[in-house]
file protein29.cif (mmCIF, C-alpha atoms and all ligand atoms)
data_work
loop_
_atom_site.group_PDB
_atom_site.id
_atom_site.type_symbol
_atom_site.label_atom_id
_atom_site.label_comp_id
_atom_site.auth_asym_id
_atom_site.auth_seq_id
_atom_site.Cartn_x
_atom_site.Cartn_y
_atom_site.Cartn_z
ATOM 1 C CA MET H 1 92.875 94.586 125.106
ATOM 2 C CA ASN H 2 90.043 92.706 123.436
ATOM 3 C CA THR H 3 89.715 88.966 124.005
ATOM 4 C CA LEU H 4 87.965 86.399 121.848
ATOM 5 C CA TYR H 5 86.305 83.752 124.002
ATOM 6 C CA HIS H 6 85.391 80.387 122.511
ATOM 7 C CA ASP H 7 82.443 78.435 123.964
ATOM 8 C CA LEU H 8 82.586 80.496 127.146
ATOM 9 C CA GLU H 9 80.509 78.995 129.931
ATOM 10 C CA LYS H 10 79.153 82.007 131.815
ATOM 11 C CA THR H 11 75.705 83.310 132.642
ATOM 12 C CA ASP H 12 74.066 85.578 130.100
ATOM 13 C CA ASP H 13 74.501 88.550 132.486
ATOM 14 C CA GLU H 14 78.247 87.936 132.704
ATOM 15 C CA ARG H 15 78.481 87.355 128.994
ATOM 16 C CA ARG H 16 76.730 90.611 128.086
ATOM 17 C CA GLN H 17 79.081 92.555 130.329
ATOM 18 C CA LEU H 18 82.094 91.067 128.542
ATOM 19 C CA LEU H 19 80.580 92.080 125.211
ATOM 20 C CA TYR H 20 79.849 95.632 126.468
ATOM 21 C CA ASP H 21 83.507 95.776 127.518
ATOM 22 C CA GLY H 22 84.609 95.081 123.935
ATOM 23 C CA HIS H 23 85.315 91.375 123.991
ATOM 24 C CA LEU H 24 84.114 88.933 121.337
ATOM 25 C CA LEU H 25 82.428 85.580 121.829
ATOM 26 C CA VAL H 26 82.314 82.612 119.490
ATOM 27 C CA TYR H 27 80.150 79.557 120.038
ATOM 28 C CA SER H 28 80.232 76.230 118.263
ATOM 29 C CA PRO H 29 77.133 75.450 116.189
ATOM 30 C CA THR H 30 74.028 74.564 118.189
ATOM 31 C CA PRO H 31 71.017 72.555 116.960
ATOM 32 C CA GLY H 32 69.151 75.864 116.592
ATOM 33 C CA SER H 33 71.902 77.600 114.616
ATOM 34 C CA LEU H 34 72.253 74.568 112.365
ATOM 35 C CA ALA H 35 68.494 74.514 111.779
ATOM 36 C CA LEU H 36 68.704 78.200 110.864
ATOM 37 C CA ILE H 37 71.497 77.784 108.319
ATOM 38 C CA HIS H 38 69.880 74.711 106.794
ATOM 39 C CA HIS H 39 66.708 76.717 106.374
ATOM 40 C CA ALA H 40 68.706 79.566 104.794
ATOM 41 C CA ARG H 41 70.492 77.146 102.457
ATOM 42 C CA ALA H 42 67.224 75.549 101.388
ATOM 43 C CA LEU H 43 65.757 78.924 100.436
ATOM 44 C CA ALA H 44 68.936 80.046 98.647
ATOM 45 C CA GLU H 45 69.329 76.789 96.751
ATOM 46 C CA GLU H 46 65.711 76.894 95.668
ATOM 47 C CA ALA H 47 66.081 80.504 94.500
ATOM 48 C CA PHE H 48 69.215 79.861 92.417
ATOM 49 C CA ALA H 49 68.361 76.350 91.180
ATOM 50 C CA PRO H 50 69.852 74.687 89.257
ATOM 51 C CA LEU H 51 72.927 76.782 90.092
ATOM 52 C CA ASP H 52 74.933 76.651 93.311
ATOM 53 C CA PRO H 53 74.230 79.926 95.168
ATOM 54 C CA ARG H 54 77.929 80.325 95.968
ATOM 55 C CA THR H 55 79.017 80.344 92.325
ATOM 56 C CA ALA H 56 75.850 81.458 90.538
ATOM 57 C CA GLN H 57 77.282 84.964 90.091
ATOM 58 C CA HIS H 58 79.672 83.603 87.468
ATOM 59 C CA GLU H 59 76.799 82.433 85.298
ATOM 60 C CA MET H 60 74.322 85.278 85.226
ATOM 61 C CA SER H 61 74.003 89.003 84.642
ATOM 62 C CA VAL H 62 74.308 91.215 87.678
ATOM 63 C CA GLU H 63 70.728 92.442 87.110
ATOM 64 C CA ALA H 64 69.321 88.899 87.090
ATOM 65 C CA TYR H 65 71.379 88.059 90.158
ATOM 66 C CA ALA H 66 70.154 91.120 92.057
ATOM 67 C CA LYS H 67 66.580 90.225 91.154
ATOM 68 C CA ILE H 68 66.936 86.779 92.732
ATOM 69 C CA LEU H 69 68.376 88.294 95.896
ATOM 70 C CA ALA H 70 65.571 90.851 96.002
ATOM 71 C CA ASP H 71 63.100 87.957 96.309
ATOM 72 C CA LEU H 72 65.227 85.639 98.411
ATOM 73 C CA LYS H 73 66.306 88.008 101.167
ATOM 74 C CA PRO H 74 62.853 89.222 102.272
ATOM 75 C CA LYS H 75 61.597 85.635 102.109
ATOM 76 C CA PHE H 76 64.258 84.577 104.614
ATOM 77 C CA ILE H 77 63.842 87.670 106.781
ATOM 78 C CA HIS H 78 60.108 87.270 107.215
ATOM 79 C CA HIS H 79 59.836 83.479 107.238
ATOM 80 C CA PRO H 80 58.308 82.278 110.551
ATOM 81 C CA HIS H 81 60.775 79.390 110.702
ATOM 82 C CA SER H 82 63.707 81.856 110.748
ATOM 83 C CA LYS H 83 62.333 83.353 113.970
ATOM 84 C CA GLU H 84 61.647 79.926 115.499
ATOM 85 C CA CYS H 85 65.256 78.894 114.927
ATOM 86 C CA ILE H 86 66.523 82.061 116.600
ATOM 87 C CA GLN H 87 64.262 81.555 119.617
ATOM 88 C CA ARG H 88 65.623 78.037 119.909
ATOM 89 C CA MET H 89 69.244 79.141 119.584
ATOM 90 C CA LEU H 90 68.887 81.929 122.168
ATOM 91 C CA GLY H 91 67.396 79.426 124.599
ATOM 92 C CA GLU H 92 70.214 76.959 123.945
ATOM 93 C CA LEU H 93 72.762 79.633 124.806
ATOM 94 C CA GLY H 94 71.099 80.523 128.097
ATOM 95 C CA CYS H 95 69.422 83.826 127.201
ATOM 96 C CA ASN H 96 66.353 84.803 129.216
ATOM 97 C CA LEU H 97 63.688 84.894 126.500
ATOM 98 C CA GLU H 98 61.453 87.215 128.537
ATOM 99 C CA GLN H 99 64.179 89.866 128.598
ATOM 100 C CA THR H 100 65.964 89.172 125.316
ATOM 101 C CA TYR H 101 64.535 90.834 122.220
ATOM 102 C CA PHE H 102 65.799 90.110 118.716
ATOM 103 C CA ASP H 103 65.294 91.618 115.314
ATOM 104 C CA VAL H 104 64.569 89.597 112.197
ATOM 105 C CA PRO H 105 67.607 87.835 110.732
ATOM 106 C CA ARG H 106 69.173 89.276 107.589
ATOM 107 C CA MET H 107 70.733 87.097 104.925
ATOM 108 C CA ARG H 108 73.923 88.764 103.671
ATOM 109 C CA THR H 109 75.814 88.088 100.495
ATOM 110 C CA SER H 110 79.316 89.260 99.766
ATOM 111 C CA THR H 111 79.931 88.568 96.118
ATOM 112 C CA ALA H 112 83.352 87.623 94.792
ATOM 113 C CA GLN H 113 85.616 90.059 92.958
ATOM 114 C CA GLY H 114 83.341 93.096 93.382
ATOM 115 C CA TYR H 115 80.547 91.653 91.219
ATOM 116 C CA LEU H 116 77.726 93.314 93.214
ATOM 117 C CA THR H 117 78.429 95.448 96.283
ATOM 118 C CA THR H 118 75.535 97.901 96.402
ATOM 119 C CA GLY H 119 71.801 97.903 97.062
ATOM 120 C CA ILE H 120 70.604 94.408 97.867
ATOM 121 C CA ALA H 121 74.222 93.240 98.406
ATOM 122 C CA TYR H 122 75.541 96.336 100.158
ATOM 123 C CA ALA H 123 79.225 96.140 101.157
ATOM 124 C CA PHE H 124 79.674 97.742 104.548
ATOM 125 C CA HIS H 125 82.390 100.326 105.020
ATOM 126 C CA PRO H 126 83.874 100.463 108.549
ATOM 127 C CA HIS H 127 81.121 101.442 110.965
ATOM 128 C CA ARG H 128 79.602 100.923 114.357
ATOM 129 C CA ASP H 129 75.929 99.902 114.368
ATOM 130 C CA THR H 130 75.505 102.483 117.133
ATOM 131 C CA TRP H 131 76.010 105.206 114.475
ATOM 132 C CA TYR H 132 72.683 103.966 113.026
ATOM 133 C CA SER H 133 70.481 104.467 116.105
ATOM 134 C CA ALA H 134 71.189 101.025 117.572
ATOM 135 C CA PRO H 135 70.944 100.926 121.363
ATOM 136 C CA GLN H 136 74.322 100.950 123.114
ATOM 137 C CA CYS H 137 73.402 97.550 124.534
ATOM 138 C CA GLN H 138 72.762 95.990 121.113
ATOM 139 C CA LEU H 139 74.569 92.726 120.477
ATOM 140 C CA ASN H 140 75.186 91.419 116.963
ATOM 141 C CA TRP H 141 75.049 87.733 116.129
ATOM 142 C CA TRP H 142 76.804 86.662 112.924
ATOM 143 C CA ILE H 143 76.694 83.158 111.445
ATOM 144 C CA PRO H 144 78.175 81.759 108.216
ATOM 145 C CA ILE H 145 75.659 79.819 106.135
ATOM 146 C CA TYR H 146 78.324 78.014 104.071
ATOM 147 C CA PRO H 147 82.036 77.572 104.834
ATOM 148 C CA ILE H 148 83.889 80.882 104.817
ATOM 149 C CA GLU H 149 87.536 81.841 104.685
ATOM 150 C CA SER H 150 89.508 84.812 105.867
ATOM 151 C CA ASP H 151 89.196 86.506 102.465
ATOM 152 C CA ASN H 152 85.405 86.577 102.482
ATOM 153 C CA ALA H 153 84.688 87.014 106.183
ATOM 154 C CA MET H 154 83.955 90.204 108.109
ATOM 155 C CA ALA H 155 86.581 92.250 109.912
ATOM 156 C CA PHE H 156 86.843 93.941 113.289
ATOM 157 C CA HIS H 157 89.064 96.951 113.819
ATOM 158 C CA PRO H 158 89.794 96.602 117.527
ATOM 159 C CA ASN H 159 91.949 99.705 117.931
ATOM 160 C CA TYR H 160 88.795 101.763 117.473
ATOM 161 C CA TRP H 161 87.009 100.185 120.417
ATOM 162 C CA ASN H 162 88.024 103.140 122.579
ATOM 163 C CA ARG H 163 89.243 105.484 119.875
ATOM 164 C CA PRO H 164 86.612 107.956 118.621
ATOM 165 C CA VAL H 165 86.240 108.558 114.899
ATOM 166 C CA ARG H 166 84.810 111.639 113.247
ATOM 167 C CA ASN H 167 81.650 110.385 111.537
ATOM 168 C CA GLY H 168 78.339 111.358 110.003
ATOM 169 C CA SER H 169 76.053 109.970 112.703
ATOM 170 C CA ALA H 170 74.872 113.394 113.866
ATOM 171 C CA SER H 171 72.606 113.686 110.815
ATOM 172 C CA TYR H 172 71.169 110.176 111.164
ATOM 173 C CA ASN H 173 67.801 109.428 112.711
ATOM 174 C CA TYR H 174 66.480 105.889 112.244
ATOM 175 C CA GLN H 175 62.819 106.848 112.198
ATOM 176 C CA GLU H 176 63.536 109.356 109.411
ATOM 177 C CA TRP H 177 65.704 106.905 107.496
ATOM 178 C CA VAL H 178 63.015 104.219 107.482
ATOM 179 C CA LYS H 179 60.506 106.680 106.089
ATOM 180 C CA THR H 180 62.654 107.987 103.294
ATOM 181 C CA SER H 181 65.125 105.468 102.012
ATOM 182 C CA ARG H 182 65.002 101.853 103.053
ATOM 183 C CA PHE H 183 62.417 100.862 100.510
ATOM 184 C CA ILE H 184 64.639 101.744 97.573
ATOM 185 C CA ALA H 185 67.499 99.390 98.549
ATOM 186 C CA SER H 186 66.293 96.634 96.294
ATOM 187 C CA GLN H 187 66.171 98.984 93.306
ATOM 188 C CA GLN H 188 69.785 100.141 93.549
ATOM 189 C CA VAL H 189 71.781 97.683 91.533
ATOM 190 C CA THR H 190 75.029 99.422 90.690
ATOM 191 C CA VAL H 191 75.207 102.726 92.560
ATOM 192 C CA ASP H 192 74.166 103.193 96.145
ATOM 193 C CA THR H 193 72.982 106.701 96.898
ATOM 194 C CA ARG H 194 71.425 106.161 100.316
ATOM 195 C CA LYS H 195 72.846 108.437 102.949
ATOM 196 C CA GLN H 196 74.612 106.366 105.610
ATOM 197 C CA PRO H 197 76.858 107.597 108.403
ATOM 198 C CA ARG H 198 80.463 106.973 107.477
ATOM 199 C CA PRO H 199 83.843 107.665 108.965
ATOM 200 C CA GLU H 200 84.852 111.218 108.086
ATOM 201 C CA GLU H 201 88.552 110.746 108.585
ATOM 202 C CA PRO H 202 91.064 108.270 107.125
ATOM 203 C CA MET H 203 90.714 104.880 108.787
ATOM 204 C CA GLU H 204 93.489 102.509 109.738
ATOM 205 C CA LEU H 205 91.986 99.145 108.951
ATOM 206 C CA ASP H 206 94.939 97.264 110.441
ATOM 207 C CA PRO H 207 95.279 95.684 112.850
ATOM 208 C CA GLN H 208 92.088 93.852 112.032
ATOM 209 C CA LEU H 209 90.621 90.628 113.254
ATOM 210 C CA ARG H 210 88.667 88.184 111.104
ATOM 211 C CA VAL H 211 86.870 85.286 112.699
ATOM 212 C CA VAL H 212 86.378 82.102 110.703
ATOM 213 C CA THR H 213 84.004 79.554 112.190
ATOM 214 C CA LYS H 214 82.396 76.541 110.641
ATOM 215 C CA PRO H 215 78.896 77.014 109.173
ATOM 216 C CA GLY H 216 76.455 77.536 112.020
ATOM 217 C CA GLY H 217 79.207 78.810 114.329
ATOM 218 C CA ILE H 218 78.021 81.892 116.198
ATOM 219 C CA LEU H 219 79.994 85.108 116.546
ATOM 220 C CA ILE H 220 78.589 87.623 119.058
ATOM 221 C CA PHE H 221 79.834 91.199 119.410
ATOM 222 C CA SER H 222 78.752 94.588 120.643
ATOM 223 C CA GLY H 223 77.019 96.855 118.126
ATOM 224 C CA ALA H 224 79.605 99.466 119.139
ATOM 225 C CA GLN H 225 82.456 97.429 117.622
ATOM 226 C CA MET H 226 84.049 98.951 114.526
ATOM 227 C CA HIS H 227 83.542 96.380 111.792
ATOM 228 C CA SER H 228 83.401 96.120 108.013
ATOM 229 C CA SER H 229 82.880 93.790 105.077
ATOM 230 C CA VAL H 230 86.078 92.212 103.813
ATOM 231 C CA PRO H 231 86.507 92.697 100.037
ATOM 232 C CA ASN H 232 85.799 89.203 98.796
ATOM 233 C CA THR H 233 88.850 88.103 96.805
ATOM 234 C CA THR H 234 87.852 84.429 96.725
ATOM 235 C CA ASN H 235 85.957 82.904 93.821
ATOM 236 C CA SER H 236 82.695 82.323 95.604
ATOM 237 C CA THR H 237 79.968 84.430 97.153
ATOM 238 C CA ARG H 238 79.917 84.474 100.935
ATOM 239 C CA PHE H 239 76.474 83.808 102.428
ATOM 240 C CA SER H 240 76.043 84.700 106.086
ATOM 241 C CA LEU H 241 73.197 85.701 108.324
ATOM 242 C CA ASP H 242 73.028 88.053 111.216
ATOM 243 C CA PHE H 243 70.568 89.430 113.693
ATOM 244 C CA ARG H 244 70.771 91.583 116.767
ATOM 245 C CA THR H 245 69.579 91.270 120.342
ATOM 246 C CA VAL H 246 68.773 93.745 123.065
ATOM 247 C CA HIS H 247 68.302 92.870 126.730
ATOM 248 C CA LEU H 248 65.325 94.971 127.798
ATOM 249 C CA GLY H 249 66.539 95.563 131.360
ATOM 250 C CA ASP H 250 69.861 96.824 130.021
ATOM 251 C CA PHE H 251 68.063 99.061 127.511
ATOM 252 C CA ILE H 252 65.808 100.606 130.150
ATOM 253 C CA HIS H 253 68.711 101.181 132.531
ATOM 254 C CA ASN H 254 71.006 102.554 129.819
ATOM 255 C CA CYS H 255 73.550 99.785 130.273
ATOM 256 C CA GLY H 256 75.728 98.787 127.366
ATOM 257 C CA ALA H 257 78.939 99.654 125.599
ATOM 258 C CA PRO H 258 80.326 103.144 126.193
ATOM 259 C CA ASN H 259 79.324 105.688 123.572
ATOM 260 C CA ILE H 260 82.506 107.345 122.394
ATOM 261 C CA ASP H 261 81.527 108.941 119.068
ATOM 262 C CA SER H 262 77.903 108.363 118.124
ATOM 263 C CA GLU H 263 75.596 111.372 117.844
ATOM 264 C CA CYS H 264 72.601 109.903 116.014
ATOM 265 C CA THR H 265 69.037 110.252 117.233
ATOM 266 C CA GLY H 266 66.060 107.939 117.005
ATOM 267 C CA THR H 267 66.170 104.282 117.980
ATOM 268 C CA THR H 268 65.848 100.907 116.343
ATOM 269 C CA ILE H 269 64.288 99.413 119.490
ATOM 270 C CA GLU H 270 60.832 99.201 117.915
ATOM 271 C CA ASP H 271 62.135 96.606 115.443
ATOM 272 C CA PHE H 272 62.922 94.099 118.193
ATOM 273 C CA LEU H 273 60.699 91.163 119.175
ATOM 274 C CA ARG H 274 60.544 89.486 122.554
ATOM 275 C CA GLY H 275 62.237 86.088 122.555
ATOM 276 C CA SER H 276 59.359 84.382 124.347
ATOM 277 C CA ASP H 277 56.366 85.515 122.280
ATOM 278 C CA LEU H 278 57.545 87.892 119.516
ATOM 279 C CA GLN H 279 55.825 90.894 121.097
ATOM 280 C CA HIS H 280 57.270 94.341 120.381
ATOM 281 C CA VAL H 281 58.658 96.636 123.052
ATOM 282 C CA SER H 282 55.847 98.827 124.403
ATOM 283 C CA ASP H 283 55.296 102.262 122.857
ATOM 284 C CA GLU H 284 55.914 103.805 126.275
ATOM 285 C CA ILE H 285 59.423 102.379 126.464
ATOM 286 C CA THR H 286 60.254 103.560 122.947
ATOM 287 C CA ALA H 287 58.773 107.006 123.621
ATOM 288 C CA SER H 288 60.590 107.491 126.906
ATOM 289 C CA HIS H 289 63.871 106.595 125.214
ATOM 290 C CA LEU H 290 63.252 109.130 122.442
ATOM 291 C CA VAL H 291 62.322 111.827 124.959
ATOM 292 C CA SER H 292 65.547 111.277 126.875
ATOM 293 C CA GLN H 293 67.685 112.016 123.792
HETATM 294 FE FE FE Z 1 77.112 96.395 111.187
#
call {"tool": "encode", "arguments": {"input": "protein29.cif", "output": "structure tokens"}}
result
Amino acid sequence: MNTLYHDLEKTDDERRQLLYDGHLLVYSPTPGSLALIHHARALAEEAFAPLDPRTAQHEMSVEAYAKILADLKPKFIHHPHSKECIQRMLGELGCNLEQTYFDVPRMRTSTAQGYLTTGIAYAFHPHRDTWYSAPQCQLNWWIPIYPIESDNAMAFHPNYWNRPVRNGSASYNYQEWVKTSRFIASQQVTVDTRKQPRPEEPMELDPQLRVVTKPGGILIFSGAQMHSSVPNTTNSTRFSLDFRTVHLGDFIHNCGAPNIDSECTGTTIEDFLRGSDLQHVSDEITASHLVSQ
């Protein structure tokens, strides 16, 4: 049984345990999350001007569209204000910023009617982030930038929370993947050839759960949740942002969601920045995690 809690008032320790047990949390927009989406909107609207980013796909070639995203997305990811907004939001929600590490926020676009679903606008097949070297204690934070609806949201597949799936994670190592393939994402406009772990058996996508919040609403879930992009059958592009957090104490003590089917090696921990001062996890911590695999 998975429960979706709305505006749950618990300590961060209690909240993380609920997430590691497979529950989902949704929070109403906070000043920090609203600042973050307003910042994202400003960058997107500047990039697509004079068009509305949500409908611009109907007025330009897919190549021109992909080119705009290839500039816009890194700008948002690396902008110092994006990180400041996240620090603020984590503090507002009661996270201990000395222990909570986050990775840079990604801006995601899900274009309408299958216009662009590869490369810079990759459409995610059902997966767990833990198939991609994410720590078992990774939490995902997902926020709509503009209003969304069920038909352009993301989906959870809760029956797979404790049901293993045959998958390709055994051949995935994050450190290797970074070296060989990430840099070509922006060049792949129509066909995506990057090797990603996938389910290797037929998936039952129903029952599925889609969460629709207002812009700036915050959805938090374990990186071990099975989730996917919903094929966008609306007429407008969905813009959302997401980032991940790791509680360092939980990482060091191997706390987190149970691992039921992930066999990848490597770790994404070196991408995470401390909430208080943006410092990386020490090399010793990363190395000792890799040695223990
Ligand atoms: Fe994911």
call {"tool": "atom_distance", "arguments": {"input": "protein29.cif", "atom1": "CA of Ile143 (chain H)", "atom2": "CA of Asp7 (chain H)"}}
result
14.6 Å
call {"tool": "resolve_selection", "arguments": {"input": "protein29.cif", "expression": "the PyMOL selection byres (((not hetatm)) within 10 of (chain Z and resi 1))", "output": "PyMOL selection string"}}
result
chain H and resi 124-132+134+140+142+154+222-229+242-244
call {"tool": "closest_residue", "arguments": {"input": "protein29.cif", "among": "H:Leu34, H:Leu19, H:Ala170, H:Leu43", "to": "Asp261 (chain H)", "atoms": "only C-alpha atoms"}}
result
H:Ala170
call {"tool": "residues_near_point", "arguments": {"input": "protein29.cif", "point": "(56.2, 100.4, 115.9)", "cutoff": "8 Å", "atoms": "all atoms listed in the file", "output": "ChimeraX atom specification"}}
result
/H:270-271,280,283
call {"tool": "resolve_selection", "arguments": {"input": "protein29.cif", "expression": "the PyMOL selection byres (((chain H and resi 60-73) around 7) and not hetatm)", "output": "list in words"}}
result
Ala44, Ala47, Ala56, Gln57, His58, Glu59, Pro74, Lys75, Phe76, Ile77, Met107, Leu116, Ile120, Ser186 and Val189 of chain H
call {"tool": "write_last_selection", "arguments": {"input": "protein29.cif", "atoms": "C-alpha atoms", "output": "CSV table (one decimal), in the coordinates of the input"}}
result
chain,number,residue,atom,x,y,z
H,44,ALA,CA,68.9,80.0,98.6
H,47,ALA,CA,66.1,80.5,94.5
H,56,ALA,CA,75.8,81.5,90.5
H,57,GLN,CA,77.3,85.0,90.1
H,58,HIS,CA,79.7,83.6,87.5
H,59,GLU,CA,76.8,82.4,85.3
H,74,PRO,CA,62.9,89.2,102.3
H,75,LYS,CA,61.6,85.6,102.1
H,76,PHE,CA,64.3,84.6,104.6
H,77,ILE,CA,63.8,87.7,106.8
H,107,MET,CA,70.7,87.1,104.9
H,116,LEU,CA,77.7,93.3,93.2
H,120,ILE,CA,70.6,94.4,97.9
H,186,SER,CA,66.3,96.6,96.3
H,189,VAL,CA,71.8,97.7,91.5
call {"tool": "resolve_selection", "arguments": {"input": "protein29.cif", "expression": "the PyMOL selection byres (((chain H and resi 172-174) around 12) and not hetatm)", "output": "JSON, numbers by chain"}}
result
{"H": [129, 130, 131, 132, 133, 134, 135, 167, 168, 169, 170, 171, 175, 176, 177, 178, 179, 180, 181, 182, 194, 195, 196, 197, 198, 262, 263, 264, 265, 266, 267, 268, 269, 270, 271, 290, 293]}
call {"tool": "write_last_selection", "arguments": {"input": "protein29.cif", "atoms": "C-alpha atoms", "output": "compact mmCIF listing (two decimals), in the frame of the given file"}}
result
# COMPACT_ATOMS: atom_id res chain seq x y z
CA ASP H 129 75.93 99.90 114.37
CA THR H 130 75.50 102.48 117.13
CA TRP H 131 76.01 105.21 114.48
CA TYR H 132 72.68 103.97 113.03
CA SER H 133 70.48 104.47 116.10
CA ALA H 134 71.19 101.02 117.57
CA PRO H 135 70.94 100.93 121.36
CA ASN H 167 81.65 110.38 111.54
CA GLY H 168 78.34 111.36 110.00
CA SER H 169 76.05 109.97 112.70
CA ALA H 170 74.87 113.39 113.87
CA SER H 171 72.61 113.69 110.82
CA GLN H 175 62.82 106.85 112.20
CA GLU H 176 63.54 109.36 109.41
CA TRP H 177 65.70 106.90 107.50
CA VAL H 178 63.02 104.22 107.48
CA LYS H 179 60.51 106.68 106.09
CA THR H 180 62.65 107.99 103.29
CA SER H 181 65.12 105.47 102.01
CA ARG H 182 65.00 101.85 103.05
CA ARG H 194 71.42 106.16 100.32
CA LYS H 195 72.85 108.44 102.95
CA GLN H 196 74.61 106.37 105.61
CA PRO H 197 76.86 107.60 108.40
CA ARG H 198 80.46 106.97 107.48
CA SER H 262 77.90 108.36 118.12
CA GLU H 263 75.60 111.37 117.84
CA CYS H 264 72.60 109.90 116.01
CA THR H 265 69.04 110.25 117.23
CA GLY H 266 66.06 107.94 117.00
CA THR H 267 66.17 104.28 117.98
CA THR H 268 65.85 100.91 116.34
CA ILE H 269 64.29 99.41 119.49
CA GLU H 270 60.83 99.20 117.92
CA ASP H 271 62.14 96.61 115.44
CA LEU H 290 63.25 109.13 122.44
CA GLN H 293 67.68 112.02 123.79
call {"tool": "atom_distance", "arguments": {"input": "protein29.cif", "atom1": "CA of Gly22 (chain H)", "atom2": "CA of Tyr5 (chain H)"}}
result
11.5 Å
call {"tool": "closest_residue", "arguments": {"input": "protein29.cif", "among": "H:Val212, H:Leu97, H:Ile220, H:Leu36", "to": "Arg15 (chain H)", "atoms": "only C-alpha atoms"}}
result
H:Ile220
call {"tool": "closest_residue", "arguments": {"input": "protein29.cif", "among": "H:Ala35, H:Cys137, H:Ile218, H:Met203", "to": "Leu93 (chain H)", "atoms": "only C-alpha atoms"}}
result
H:Ile218
call {"tool": "residues_near_point", "arguments": {"input": "protein29.cif", "point": "(81.1, 79.2, 93.6)", "cutoff": "6 Å", "atoms": "only C-alpha atoms", "output": "PyMOL selection string"}}
result
chain H and resi 54-55+236
call {"tool": "atom_distance", "arguments": {"input": "protein29.cif", "atom1": "CA of Asp151 (chain H)", "atom2": "CA of Arg238 (chain H)"}}
result
9.6 Å
call {"tool": "residues_around", "arguments": {"input": "protein29.cif", "residues": "Gln208 (chain H)", "least_positions_apart": "5", "cutoff": "7 Å", "atoms": "only C-alpha atoms", "output": "list of chain:residue names"}}
result
H:Ala155, H:Phe156, H:His157, H:Pro158
call {"tool": "closest_residue", "arguments": {"input": "protein29.cif", "among": "H:Val230, H:Ala42, H:Leu248, H:Leu278", "to": "Gln138 (chain H)", "atoms": "only C-alpha atoms"}}
result
H:Leu248
call {"tool": "residues_around", "arguments": {"input": "protein29.cif", "residues": "Trp141 (chain H)", "least_positions_apart": "5", "cutoff": "12 Å", "atoms": "only C-alpha atoms", "output": "VMD selection string"}}
result
chain H and resid 19 24 to 27 33 86 89 to 90 102 to 106 216 to 223 240 to 246
call {"tool": "write_last_selection", "arguments": {"input": "protein29.cif", "atoms": "C-alpha atoms", "output": "PDB file, in the coordinates of the input"}}
result
ATOM      1  CA  LEU H  19      80.580  92.080 125.211  1.00  0.00           C
ATOM      2  CA  LEU H  24      84.114  88.933 121.337  1.00  0.00           C
ATOM      3  CA  LEU H  25      82.428  85.580 121.829  1.00  0.00           C
ATOM      4  CA  VAL H  26      82.314  82.612 119.490  1.00  0.00           C
ATOM      5  CA  TYR H  27      80.150  79.557 120.038  1.00  0.00           C
ATOM      6  CA  SER H  33      71.902  77.600 114.616  1.00  0.00           C
ATOM      7  CA  ILE H  86      66.523  82.061 116.600  1.00  0.00           C
ATOM      8  CA  MET H  89      69.244  79.141 119.584  1.00  0.00           C
ATOM      9  CA  LEU H  90      68.887  81.929 122.168  1.00  0.00           C
ATOM     10  CA  PHE H 102      65.799  90.110 118.716  1.00  0.00           C
ATOM     11  CA  ASP H 103      65.294  91.618 115.314  1.00  0.00           C
ATOM     12  CA  VAL H 104      64.569  89.597 112.197  1.00  0.00           C
ATOM     13  CA  PRO H 105      67.607  87.835 110.732  1.00  0.00           C
ATOM     14  CA  ARG H 106      69.173  89.276 107.589  1.00  0.00           C
ATOM     15  CA  GLY H 216      76.455  77.536 112.020  1.00  0.00           C
ATOM     16  CA  GLY H 217      79.207  78.810 114.329  1.00  0.00           C
ATOM     17  CA  ILE H 218      78.021  81.892 116.198  1.00  0.00           C
ATOM     18  CA  LEU H 219      79.994  85.108 116.546  1.00  0.00           C
ATOM     19  CA  ILE H 220      78.589  87.623 119.058  1.00  0.00           C
ATOM     20  CA  PHE H 221      79.834  91.199 119.410  1.00  0.00           C
ATOM     21  CA  SER H 222      78.752  94.588 120.643  1.00  0.00           C
ATOM     22  CA  GLY H 223      77.019  96.855 118.126  1.00  0.00           C
ATOM     23  CA  SER H 240      76.043  84.700 106.086  1.00  0.00           C
ATOM     24  CA  LEU H 241      73.197  85.701 108.324  1.00  0.00           C
ATOM     25  CA  ASP H 242      73.028  88.053 111.216  1.00  0.00           C
ATOM     26  CA  PHE H 243      70.568  89.430 113.693  1.00  0.00           C
ATOM     27  CA  ARG H 244      70.771  91.583 116.767  1.00  0.00           C
ATOM     28  CA  THR H 245      69.579  91.270 120.342  1.00  0.00           C
ATOM     29  CA  VAL H 246      68.773  93.745 123.065  1.00  0.00           C
TER      30      VAL H 246
END
call {"tool": "residues_around", "arguments": {"input": "protein29.cif", "residues": "region 9-14 of chain H", "least_positions_apart": "6", "cutoff": "10 Å", "atoms": "only C-alpha atoms", "output": "list in words"}}
result
Tyr27, Leu93, Gly94, Cys95, Asn96, His247 and Asp250 of chain H
call {"tool": "closest_residue", "arguments": {"input": "protein29.cif", "among": "H:Ser292, H:Asn162, H:Pro231, H:His79", "to": "Tyr122 (chain H)", "atoms": "only C-alpha atoms"}}
result
H:Pro231
call {"tool": "closest_residue", "arguments": {"input": "protein29.cif", "among": "H:Thr233, H:Asn254, H:Thr213, H:Gln279", "to": "Pro29 (chain H)", "atoms": "all atoms listed in the file"}}
result
H:Thr213
